Each structure stands twice: as structure tokens, then as C-alpha cells.
Amino acid sequence: MVTETKELTKPTNQEMLDFLGTKLNRNLSMYFQSCQRCGICADNCHYYKATNDPKMIPAYKAELVRKLYKKRGGGLRNLVPWFGSKNGKLSDEELGVLTDSVFGRCTMCRRCTIGCPMGIDVAMIMRACRGMLTLNHMAPKGLQDTVDIHLKTGNNMGLENEEFVATVEWMEEELQDDLGDSTAKIPIDKKGAKYLWVLNPREVKYFPLLLKAQAKIFHAAGEDFTVSSRYWDVTNYALFNGDDVAGRTISGYVIEEADRLGINSVLCTECGHGFRQLKQMAPIWLKRNDFTVKAFVEVVADYIKRGRIKLDPTVNTERVTYHDPCNQGRSGSFIDEPRYILRASVMDYVDTDPCGRDNWCCGGGGGALTMSEFRNRRLDIAKVKAEQIRATGAKIIATSCHNCIDQLNEINRHYELGLKVVNTCELTADALIMPPPKEPELRDDEGYMNDPEKWDWEMAQTIAAGERIGLLTEEQKRVIEYVRKYYHSNSDWPLPTRIKKDLGCSNPCRMFQGPPETIFKIAGLPNPRDRSKWGTRHFEICP
Amino acid sequence: MADAWSYFVYVVLPYITILALIVGIIYRVQTWRKLPRAKAIIHPMVSGRWGMVKVVATDILFFAKTFKSSKVLWAMAALFHIGLLLVVFGHIRTVTEVSWLWGLFNLSEEGIKDASTILGSIAGIAMLAGGVLLLIRRFTPSCRFISIFEDYYILLILLGIAFTGMGMRWFSHIEIEEIHHYSRGVLAFNPEHSIYNIWFMWHFFLAQTLIIYFPFSKLVHLFSKPVTEAWTTR
Ligand code: SF4
Ligand code: SF4
């Protein structure tokens, strides 16, 4: 429906240039004027490095966009008043070149920015132009589809929520079987948990074992986390097609879901751009900063530092290296954390050269993996990365981004590197020394029993003493037996009127001198948390 | 004709230049100020304000990023910029004798002139050499591809200014007192167009065109570099 109406409206050239005008900010304006076209950025961009094609030089790509601004006849017109035409015409050919340049020749990795003596953020320039082309429906189809599906279904692969919940439950079972520990849980929709854990649909659909690996680490650390059954997708490809409206909507899904569950901390799975869009863009898009966003590596490094998990590196003996996802390393400042984790999880860790902030982009960023039309170029420019990895002699390459993993897998095949490409969580989960499974607490904070099966009369007497009830009378015991039987067959907590009617006794509430909860507590039933269904009514009955 | 030209360069143009520079800079700064700043964090690289200042200052003082990328370009750029800095600094003498400053170095009247000749020549040559090298570099294939008219234009004008400036020193005999006299006249709104020195005239003319162009050209990196670079280290 949405796509159909979109096809009908093509913006005029002037509208497109006006749109570009709304994207102009102080940064862009200063960048455009500050570039010296010194060419330092050329060797910092993997596109140029691999192809030696001057059309790939970041400054050249930026200049293409600057020319557009000159065309607009505003903004940059001030820059050099006597240059640039003001006719506001954009030929199809020109737009084609632009599409090829801003979508197909930049992964928005920002490596050029690091080296640029003027600190020019070419990725920001590219994004402004991508937004304009998206408006004109010229964004590569794969990329645009990803965004559209996300808007339509709430995740970028169009998975049903039932499918998601089933996967999570399945992984929970697997985890419990593996550990032989029934307390290992992946809680769904748990209100007020510390973290809302958001996932990448790729791992849910194709690599559910990654869920298990991460949940295992959380369990070992005793983390209080939950997943949402509605909006659980961390990704946001609107970061790459430059569509800020879609970007706001999509990042809003996760943040509002956190609100609903009363959580103000979002924990991202190992997804580079997902982390960055939530951490850096969502506060701007949604105009709020009352939530925190944590990256997986950040949290796990913290576990290790505080001794919340113990690792045995001797499990992973092969040589491991790490690839810094651009969005999490260069743009997200997590350089030391993943290395700290890997050094603790494996025996033989080596860094690539260069590494950290200066690390090469894998070539699959900026949505490049979704743009099938540029596939060959994407593999060609990955030469830089491939050689860099080959030089380390590593057998395993770990990274903390699903996008990077897909690209690294392709590089691995294309350049025959013979690598194993893994997420950091896999290595860490393998190296975990599990704490002995904890005996589940007999009773919860409010005094209810967690497991009704563990109940006996002695227990009941203890609980009753806590509720200032002396030795249980026969009458009371009869009520308790009835309540237990009722719960056993109905999985529900009986209303006092029901008890009274079925047993033909006096008012059970009066008998126990308290609300019906007291009875349930003594009878060893679990906490009847969800009182909304029945709680209000019986309070009226039992004053 | 020649008279009218020198009248224009010596008497009219200086005021146009000053006005254009002031208006240009105000206009430039205003257009930037009016635009909203992008709020996105670009690179959370270094922690704290001091870390940021340190990174930016190192880069401004030593061209650290250029050095890391290419030693050859670094040498050219350093030569050019240091030469330019010294030359601009030396131009203080055209307006006023800062005797207390020279006093610090224990220089006599003669000593100042000698020092000026030697240092000025070295700086001028450094700037010329650096500029020529940078211009040659502009013609290497990849650099040529990304260069636009402005790049050549500014380099050529700067080289022209440097060349005529050095020519003034070497091929003609113009005394600093004469220039003093003229610059005081300009400042007192009573300029003379009496200096009939062809080198000086072209030097002065080219310099003024560059100054007028300054706020609209890539030369603003003099001011914008610390700002844009600070953004990336935030
Ligand atoms: S390194 Fe920076 S200033 Fe130099 S050409 Fe590239 S973008 Fe422009
Ligand atoms: S952001 Fe990365 S891909 Fe884009 S121009 Fe810069 S170095 Fe090249």
C-alpha cells in the first residue's frame, strides 16, 4: 500500500534540492568549505586502496554532493558566489552517477575522517545525499526493502512474533538441557528487568545458537534481563538510506517497548549499527535521553572485570584475531573491551595491523550487504581486509557485528582464507566456567513459594508462623488442601467465595485473619502477581 | 593610465579590501552560526575536553595526521605553512617597528635589517619552494582528479604574492621607511600613491585580491580546522 503510493509521487528536482537544503547543517557547510582536496583521505578509504580508481576518493565523492548544494542556489551559493549554476536541474544521468557514488562507493565507515587533517565526516555528507536519493526512490532496492519490511512488520526480516517467541523458548530449553539447570532462563516480557535485550533478526532466523551463547553468559553472570515479544529488533537500516523519518520510527519501536516494560536500559546484541543507531541517533531522533544503551562487549567486559563470570581460555587454543566493526569501534569507542574479552577467552590472540580505531572496514557496512547490485565491487574492495587478515595468520576471526560476519564469511570464501568467522560471544560462551547450578530459592521476596511441589506440612507451619498464625487447625488444613488441589488442576488461585461454597465452611479469610493471599502463601502456591483478573473482587468480599 | 591604476591599487583598493574582509567574515560566521549543528557524536575518541584540546593542538602544531599519512606531503605542507607563518609575522614591520620586541634579541637598527633580510629570505624561499612542490603535487594523477579550479587558483595567487614579495627584496631597492610612510597614510585615511615600484604594486594588489576572497574560499581552514577537527574528537 505504502509502496504503491510512493511510486506515484516523484519529487521535482527543486524539491529534491530543497530537501538537501533541509539537511544542511553547520557541520556540512563547514566541511564543504574546509576540504583542501589534499588527497590524504584517498589512501584511508578501502575503496580507493583496493581499486586505485580516483572516482573512489572520498574528497571526490564529497565534491559531487557539494556541487549539488551549489546547484540549489542557496546555502552554498554564499560560498563562492560566482560559481555554480542556479538552474536547479538534475539530469537522470547525473542522478545515476550520484546513486552509484553515494550508495556504491562508500560504506560510511568514517576511516577517512580519522585521517583527515580537517576532520571531514564524509559519511555525514554521503548520508545527506542518500536521503535525497531515497526521496526520489533511487535507493538500491535491497536496502529500501529492508527498511520497508521493518516498518511493516517490526523487524527487518518480517518474522512473526510467535516465531520469535518459539525460537527464544526453544533456545531456553536447549540451554537448560546443556547446563542441566532449570534456572537458566530467557525471560520474555519481564517487567522492570534491568536490561531489555534486543536482537538481530539474522541470529533469530539463521543462527539461534548465538542466542543461547549470549544467554549462557548472562545466566553465568546472574544478569537480570528480558526480551520483548513485540519489538525485539535492534537493526535500523534507515541509518543507511538517509531517511530520518523512518529512522525515528524504527528506533522508537525499541525505546517505546522499553518504556512499556518499565526498563530504561537497552542491551544490544552484537550488532554494530544497531548499537550506534540506538546510542547516538535515537536520542536525537526521539529528542529524549532518559535511556541508556549498552553494547554487548561493554557489558561482558564489565562482567569479567568484576569477576561475575570466570573464563578458561585453554578451551580456545587456535589463533584468534578481531575485526573492529566500524560502528562499534571507530564510531562507538569500544576498542579495548572486545580485546579484553578475547584475551580472557582465548589462548592466542593477535591484533591485525592496523587495528582499533584505524582498522579497515570489512566492506559490508553502510547497508552494502543489502545492495546486491554492488556485490562484485564489494568483494573486490574487500581485498584490503583479506590481506590484512591473512597477514595475521589467524585461524579464527571474531567480530562483534552480524553485518561484518556476513561480509567476512564472503571474503573468506572469495579469497580462500580458510578462516572460521565467529561472534565474540561464541568464544566467550565456550570458555565459560559455569558456577555450580544454584539451588533455586525456596521462597521469593514476598514469601511465596517458587515451586509448589517442594511444599509439605512442616513448611506450611513455618509460613503460617511468619503470618502470625499459630498451629494450623483441621479446618484450616482442609482449606489448604482444597486450595492446593484447585491450583494443581486449574493453575489458578481460587476465589474465597468458591472455597466457601465448595467446602461449606465459614469465610476462609476470617479463618486465616487476612486476605486470600495469606492462604495461598501458606498453601505454597506461587506468587499470584497478576491480580488484575481476580484481585479486586475478593477484597470486597473479605473486608 | 598607469597613474589611474596605481591610484586604484594604492588609494581605493585598500579600503575596499578592509571593508570586504570585515563584511565577509561577519557574513561567513553568521551563515554558519544560523545553521544548526549536527548533534550526532561523530567519534567519541578521547575523553574529556583536555584530551580533545591535546589532539587538535598536536595536529595544528605538528600536522600529526598528515605526517601519519604521507611524509612527503607533510614535508611540503610544513615547509609552506611555516614559511607563510614567518612571512606574515614579518609583515608587522611594514606597519610599525616593534622595537621592544627586537630589543629582546638585543638587535640594533642595522641588526634588524640584516635579520629581516636573512630570515625573510629563508622564510620566503621556504614558502615558495613548498608552494611549488604543492602545485606540482596537484598534477599527480589522483590529486589532479579531485582538484577543482579553486585549488590551483589559490596556490597560484599565493605563489604570485610570494614571488613578487621576494622580487621586491632582491631585484628592487625599496626601503622599509617608504612603506612605513605609506601604511601610516592608509591608516590616517590619507594615502599617497607615490611608491612607483612595480614589484610592490603587484605584490600589494595580489595580496588584496586574496584577502577579499579569503572568507569565501577554502582558506577559512585557518579558522574552521580547529572547529571541524574538534567535532571529530568529541
Ligand atoms: S583528507 Fe580531508 S581535507 Fe583532505 S581531501 Fe580528504 S576530505 Fe578533504
Ligand atoms: S567513510 Fe569509509 S568508505 Fe566512505 S569514503 Fe570514508 S573511508 Fe571510504
# chains A, B, ... in the order shown; residues from 1 in each chain; ligands from 1

call {"tool": "residues_around", "arguments": {"residues": "Ile18 of chain B", "least_positions_apart": "2", "cutoff": "12 Å", "atoms": "only C-alpha atoms", "output": "ChimeraX atom specification"}}
result
/B:12-16,20-25,186-187,207-214

call {"tool": "interface_residues", "arguments": {"of": "chain B", "to": "chain A", "cutoff": "8 Å", "atoms": "only C-alpha atoms", "output": "ChimeraX atom specification"}}
result
/B:32-45,59,63,65-66,69-70,142-143,145-147,151,216-221,224-226,228-232

call {"tool": "atom_distance", "arguments": {"atom1": "atom CA of Met108 of chain A", "atom2": "atom CA of Gly365 of chain A"}}
result
6.7 Å

call {"tool": "closest_residue", "arguments": {"among": "B:Pro215, B:Ile148, B:Leu155, B:Tyr27", "to": "ligand 1", "atoms": "only C-alpha atoms and all ligand atoms"}}
result
B:Ile148

call {"tool": "residues_around", "arguments": {"residues": "segment 403-416 of chain A", "least_positions_apart": "6", "cutoff": "10 Å", "atoms": "only C-alpha atoms", "output": "PyMOL selection string"}}
result
chain A and resi 200+202+270-273+323-326+361-370+378-383+385-387+389-390+397+422-423

call {"tool": "residues_around", "arguments": {"residues": "segment 477-484 of chain A", "least_positions_apart": "6", "cutoff": "9 Å", "atoms": "only C-alpha atoms", "output": "number ranges by chain"}}
result
A: 452, 493-494, 499-500, 502-503, 505, 508, 519-520, 522-525

call {"tool": "atom_distance", "arguments": {"atom1": "atom CA of Leu86 of chain B", "atom2": "atom CA of Ala115 of chain B"}}
result
12.5 Å

call {"tool": "select_by_dssp", "arguments": {"residues": "segment 178-398 of chain A", "states": "helix (DSSP H, G or I)", "output": "PyMOL selection string"}}
result
chain A and resi 178-179+201-205+209-221+238-241+244-260+272-286+296-305+313-315+336-345+356-358+368-370+372-381+383-392

call {"tool": "select_by_dssp", "arguments": {"residues": "segment 354-496 of chain A", "states": "strand (DSSP E or B)", "output": "number ranges by chain"}}
result
A: 396-399, 420-423, 432-433, 443, 449

call {"tool": "residues_around", "arguments": {"residues": "Leu278 of chain A", "least_positions_apart": "3", "cutoff": "10 Å", "atoms": "only C-alpha atoms", "output": "list in words"}}
result
Val234, Thr235, Asn236, Ile250, Ser251, Gly252, Val254, Ile255, Val266, Leu267, Cys268, His273, Gly274, Phe275, Met281, Ala282, Pro283, Ile284, Trp285, Phe291, Thr292, Val293 and Lys294 of chain A

call {"tool": "write_last_selection", "arguments": {"atoms": "N, CA, C and O atoms", "output": "short mmCIF file (atom, residue, chain, number, x, y, z; two decimals), in the first residue's frame"}}
result
data_model
loop_
_atom_site.label_atom_id
_atom_site.label_comp_id
_atom_site.auth_asym_id
_atom_site.auth_seq_id
_atom_site.Cartn_x
_atom_site.Cartn_y
_atom_site.Cartn_z
N VAL A 234 17.05 -4.89 16.86
CA VAL A 234 17.96 -3.79 17.15
C VAL A 234 18.33 -3.02 15.88
O VAL A 234 18.72 -1.87 15.93
N THR A 235 18.18 -3.64 14.71
CA THR A 235 18.70 -3.02 13.49
C THR A 235 17.85 -1.83 13.06
O THR A 235 16.73 -1.66 13.52
N ASN A 236 18.46 -1.04 12.20
CA ASN A 236 17.74 0.12 11.67
C ASN A 236 18.45 0.57 10.39
O ASN A 236 19.40 1.33 10.43
N ILE A 250 11.65 3.63 13.52
CA ILE A 250 12.21 2.31 13.83
C ILE A 250 12.93 2.32 15.17
O ILE A 250 12.77 1.41 15.98
N SER A 251 13.69 3.37 15.44
CA SER A 251 14.37 3.37 16.74
C SER A 251 13.35 3.56 17.85
O SER A 251 13.55 3.10 18.98
N GLY A 252 12.23 4.22 17.52
CA GLY A 252 11.18 4.38 18.51
C GLY A 252 10.56 3.07 18.94
O GLY A 252 10.16 2.90 20.09
N VAL A 254 11.91 0.20 19.60
CA VAL A 254 12.64 -0.44 20.71
C VAL A 254 12.53 0.40 21.98
O VAL A 254 12.26 -0.12 23.06
N ILE A 255 12.70 1.70 21.82
CA ILE A 255 12.73 2.54 23.01
C ILE A 255 11.35 2.57 23.67
O ILE A 255 11.23 2.51 24.90
N VAL A 266 18.82 -0.42 27.47
CA VAL A 266 18.71 -1.36 26.36
C VAL A 266 20.06 -2.01 26.16
O VAL A 266 21.08 -1.33 26.09
N LEU A 267 20.06 -3.33 26.08
CA LEU A 267 21.31 -4.06 25.87
C LEU A 267 21.28 -4.63 24.46
O LEU A 267 20.43 -5.45 24.13
N CYS A 268 22.20 -4.17 23.62
CA CYS A 268 22.18 -4.60 22.23
C CYS A 268 22.96 -5.90 22.07
O CYS A 268 23.98 -6.11 22.71
N HIS A 273 25.76 -1.46 13.82
CA HIS A 273 24.97 -0.27 13.51
C HIS A 273 23.76 -0.17 14.42
O HIS A 273 23.30 0.90 14.74
N GLY A 274 23.25 -1.33 14.85
CA GLY A 274 22.11 -1.31 15.75
C GLY A 274 22.47 -0.60 17.04
O GLY A 274 21.70 0.22 17.55
N PHE A 275 23.65 -0.90 17.51
CA PHE A 275 24.11 -0.22 18.72
C PHE A 275 24.23 1.28 18.48
O PHE A 275 23.75 2.09 19.25
N MET A 281 21.93 7.94 17.61
CA MET A 281 20.92 8.59 16.80
C MET A 281 19.56 8.67 17.49
O MET A 281 18.85 9.66 17.38
N ALA A 282 19.17 7.60 18.20
CA ALA A 282 17.83 7.59 18.81
C ALA A 282 17.60 8.79 19.73
O ALA A 282 16.53 9.40 19.68
N PRO A 283 18.57 9.18 20.56
CA PRO A 283 18.32 10.36 21.40
C PRO A 283 18.01 11.59 20.57
O PRO A 283 17.23 12.45 20.99
N ILE A 284 18.62 11.70 19.39
CA ILE A 284 18.39 12.87 18.55
C ILE A 284 17.05 12.75 17.83
O ILE A 284 16.26 13.68 17.80
N TRP A 285 16.82 11.57 17.27
CA TRP A 285 15.57 11.36 16.54
C TRP A 285 14.37 11.52 17.47
O TRP A 285 13.38 12.15 17.12
N PHE A 291 17.23 7.23 28.52
CA PHE A 291 17.52 5.80 28.48
C PHE A 291 19.00 5.60 28.20
O PHE A 291 19.65 6.48 27.67
N THR A 292 19.51 4.44 28.61
CA THR A 292 20.90 4.15 28.29
C THR A 292 20.94 2.95 27.36
O THR A 292 20.05 2.11 27.37
N VAL A 293 21.99 2.93 26.56
CA VAL A 293 22.15 1.84 25.61
C VAL A 293 23.51 1.21 25.86
O VAL A 293 24.51 1.91 25.96
N LYS A 294 23.51 -0.10 25.99
CA LYS A 294 24.76 -0.80 26.28
C LYS A 294 25.09 -1.73 25.14
O LYS A 294 24.20 -2.36 24.56
#

call {"tool": "residues_around", "arguments": {"residues": "segment 194-204 of chain B", "least_positions_apart": "6", "cutoff": "7 Å", "atoms": "only C-alpha atoms", "output": "list in words"}}
result
Ile161, Thr164, Gly165, Gly167 and Met168 of chain B

call {"tool": "closest_residue", "arguments": {"among": "B:His91, B:Val53, B:Leu85, B:Leu73", "to": "ligand 1", "atoms": "only C-alpha atoms and all ligand atoms"}}
result
B:Leu73
